[in-house]
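Worksheet for the structure shown next.
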Amino acid sequence: MWDRKYRDELERRRKTASVGGGEKRIETQHGKGKLTARERLAYLFDEGSFVEINMLVESQDSRFDMDKKKIPGDGVVIGYGTVNGRVVYASSQDFTVIGGTLGEYHSKKICHIMDMALQMKVPYVSINDSGGARIEEGISSLDGYSGIFYRNTKASGVIPQISVILGPCAGGACYSPAITDFIFMAKKTANMFITGPTVVKTVMGEDINAEDLGGAGVHASKSGVVHFAYEDDKACLDGVKKLLSYLPENCDEKPPLSVGEAREESSLLEEIVPDNQRKLYDMKDVINCFADTDSFFEIQEEFAKNIVVGFVRIDGETIGVVGNNPQGGMAGSLDIDSSEKAARFVRFCDCFNIPLLTLVDVPGFFPGSRQEHGGIIRRGAKLLYAYAEATVPKVTLILRKAYGGAYIAMSSKGMGADIVFAWPIAETAVMGAEGAVSIMYGKRIEATDDPEAERARLVAEYEEQFMTPYIAAERGYIDEIILPEETRERIKSAFEALKLKDRRAAGFREHGNIPL
């Protein structure tokens with residue numbers, strides 16, 4: 001038998017590492033409503049499945065009394081386990097150890113687990129709770145960030161990458177989450193900003209607190225940086241588990257099949273969507289009529305509400321859905337924010353073999369100097385580019401309006417949609433009838449004895465000649481006109497027919513140059 005001292009020494013070191021910065025700092029962490037790094041991982045992973053590695057790694061820098069602050073683990077916990085029964089790799093910063101600051105060996109640990117995730121081709125989850133770069137280690141800290149950013153970029157489109165912000169995330173640290181696919185953020189206890197309130201006040205003279213500058217609410221609704229904002233650590237981690245249930249492990253796999261309850265409420269769609277083009281409705285109600293029960297998982301719910309993006313299941317199959325939302329603002333028009341939101345989502349789905357369903361009810365691109373000066377031409381082009389580039393199965397349903405350039409941008413036949421459906425109330429045209437008549441016949445109308453009657457006559461004539469879906473169907477721009485109650489069955493059968501689509505037919509190239 002070995003001498004007991006070997007076992008005792010290992011147990012001592014493990015115990016020292018497991019308490020991080022010590023019980024006092026753990027109590028402080030709990031007092032802020034936050035879990036510790038290890039508690040977060042234990043909650044995220046299936047019970048008993050998480051395996052920690054590099055537990056005993058320490059900082060090797062002794063400058064500025066750093067030798068007195070050394071703690072095994074160096075402020076970050078890394079390892080692997082299973083979430084929903086599938087392998088996931090993760091890192092979790094420990095704020096109880098030197099404020100979770102990133103130094104040379106802290107970053108080496110993160111880079112190591114990222115390399116493993118990429119080599120194994122499984123998802124990577126990064127839990128952020130850090131005071132930023134460790135000033136005492138100087139350029140080594142900065143180089144550590146560059147190594148993480150580099151790996152985020154190399155893994156992009158190969159494995160799903162999810163960032164969870166559960167504390168401070170400032171300066172250069174923000175850019176790793178920004179490169180990843182999805183960002184979760186806890187309300188009140190987390191913030192993200194490139195420059196903090198003190199610097200903002202000193203340089204700009206602007207007095208603002210951390211929450212208003214970079215809190216979860218701001219990033220979820222205004223900047224669009226954050227995809228999901230939840231009340232606390234556990235709620236965020238529950239969201240991560242749910243998101244992972246929709247995603248494949250890597251770009252070579254298909255999303256997992258889920259056994260759920262099929263919903264068939266397409267008969268309600270005619271009641272939800274008015275045939276009066278000016279009346280509003282919520283596109284989410286439409287989605288929930290034909291998606292499997294409780295399967296709709298919306299992304300960026302508070303940002304650019306005029307468009308809805310998220311995942312649904314139809315007979316257990318994951319589908320990415322994009323839909324204009326008349327009730328979300330601007331009558332569902334496309335603008336700068338909604339174009340970028342949808343384009344990013346489309347590209348993610350295309351990376352990970354997730355078929356795309358597009359629900360169209362769009363009056364056009366939103367007009368005005370703010371949009372033009374903000375770059376609607378360049379930024380709206382991102383959506384066009386994303387759809388045209390996507391090679392996954394693409395099914396489109398035109399519910400009501402599909403006007404102008406926005407008709408093209410919302411996965412039209414000419415932009416590569418595999419199958420396009422339309423309801424009988426659908427209208428496809430360059431613009432609405434009243435606007436078209438005003439442009440074409442404005443002077444002629446004013447010259448008549450009864451301008452109102454003449455305008456009404458010409459509008460009716462234009463609608464009959466141009467606005468019905470049958471004209472588009474006659475020319476093959478719409479594959480089939482369907483009734484609302486047929487919606488689920490037609491969508492389901494369309495994706496079934498497209499399951500074996502050859503994505504290589506588009507031809508190989510290194511990459512295109514999206515108008516960023």
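Naming works like this for the structure tokens: A, B, ... for the chains as they're shown, residue 1 at the start of each chain, ligands 1 onward in shown order.
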Practice prompt. Considering only C-alpha atoms, return as a ChimeraX atom specification whatever protein or nucleic-acid residues lie within 8 Å of A:Lys188, sequence-local ones (same chain, fewer than 2 positions apart) excluded.
Written response: /A:186,190-191,211,215-216,231
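Omitting A:Arg134 and its sequence neighbours fewer than 2 positions away, and counting only C-alpha atoms, the residues within 8 Å are Thr101, Leu102, Gly103, Gly131, Gly132, Glu136, Glu137, Gly138 and Ser141 of chain A.
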N, CA and C atoms of the current selection, written as a tab-separated table (two decimals), in the first residue's frame:
chain	number	residue	atom	x	y	z
A	101	THR	N	-10.14	37.78	-12.69
A	101	THR	CA	-9.34	38.45	-13.73
A	101	THR	C	-8.58	37.46	-14.59
A	102	LEU	N	-8.37	37.84	-15.83
A	102	LEU	CA	-7.74	36.96	-16.80
A	102	LEU	C	-6.25	37.24	-16.89
A	103	GLY	N	-5.46	36.24	-16.51
A	103	GLY	CA	-4.00	36.31	-16.63
A	103	GLY	C	-3.52	35.26	-17.62
A	131	GLY	N	-13.37	40.52	-13.61
A	131	GLY	CA	-13.00	41.94	-13.53
A	131	GLY	C	-12.17	42.41	-14.71
A	132	GLY	N	-11.94	41.54	-15.68
A	132	GLY	CA	-11.21	41.93	-16.89
A	132	GLY	C	-9.77	41.45	-16.90
A	136	GLU	N	-1.69	43.20	-13.25
A	136	GLU	CA	-0.35	42.81	-12.75
A	136	GLU	C	0.43	41.98	-13.76
A	137	GLU	N	-0.28	41.33	-14.70
A	137	GLU	CA	0.42	40.48	-15.65
A	137	GLU	C	0.61	41.14	-17.02
A	138	GLY	N	0.18	42.39	-17.13
A	138	GLY	CA	0.48	43.19	-18.31
A	138	GLY	C	0.07	42.56	-19.63
A	141	SER	N	-1.79	39.22	-20.22
A	141	SER	CA	-3.26	39.19	-20.14
A	141	SER	C	-3.87	39.52	-21.50
Worksheet item: Which residue gives the smallest distance to A:Ala17 among A:His106, A:Arg38, A:Arg4, A:Lys443, with only C-alpha atoms counted?
Response: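 Distance minimum relative to A:Ala17 lands on A:Arg38.
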Discussion item. Restricting the calculation to only C-alpha atoms: of A:Glu302, A:Gly81, A:Lys341, A:Cys351, which residue gets closest to A:Pro160?
Written reply: A:Cys351
Fill in: Counting only C-alpha atoms, the residue of A:Ile26, A:Ile272, A:Asp361, A:Phe228 that sits nearest A:Glu298
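The shortest atom-to-atom distance to A:Glu298 comes from A:Phe228.
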Worksheet item: Rounded to one decimal in Å, what is the spacing between atom CA of A:Ile336 and atom CA of A:Gly374?
Response: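 Computing the Euclidean distance for atom CA of A:Ile336 and atom CA of A:Gly374 yields 7.4 Å.
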Item to complete: Please measure the separation of atom CA of A:Val97 and atom CA of A:Arg7, giving the value in Å to one decimal.
Response: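 Taking atom CA of A:Val97 as the start and atom CA of A:Arg7 as the end point, the length is 25.5 Å.
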Worksheet item: Using only C-alpha atoms, which of A:Val200, A:Met55, A:Val125, A:Ile159 sits nearest A:Tyr105?
Response: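 When distances to A:Tyr105 are compared using only C-alpha atoms, the smallest one comes from A:Met55.
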Fill in: Among listed residues A:Ile439, A:Val362, A:Val218, A:Ile179, nearest A:Leu280 (using only C-alpha atoms)
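Of the candidates, the smallest distance to A:Leu280 is held by A:Val362.
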Discussion item. If DSSP is run on the backbone, what residues of stretch 320-431 of chain A are strand (DSSP E)? A reply as number ranges by chain would be ideal.
Written reply: A: 320-324, 356-362, 394-403, 419-422, 427-429
Worksheet item: Between atom CA of A:Phe193 and atom CA of A:Lys241, what is the spacing in Å?
Response: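 So the two atoms, atom CA of A:Lys241 and atom CA of A:Phe193, lie 25.9 Å apart.
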Worksheet item: From the set A:Arg475, A:Arg490, A:Arg504, A:Lys121, which residue has the shortest atom-to-atom contact distance to A:Asp252, counting only C-alpha atoms?
Response: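 Of all the options, A:Lys121 lies closest to A:Asp252.
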Discussion item. If we count only C-alpha atoms and set the cut-off at 10 Å, which residues sit around A:Tyr470, ignoring sequence neighbours fewer than 5 positions away in its own chain? Please answer as a ChimeraX atom specification.
Written reply: /A:422,424,426-428,465,475-478,480-481
Practice prompt. Name the residues in contact with A:Ser258 at a cut-off of 7 Å, using only C-alpha atoms, excluding same-chain residues fewer than 2 positions from it; report them as a PyMOL selection string.
Written response: chain A and resi 256+260+316-317
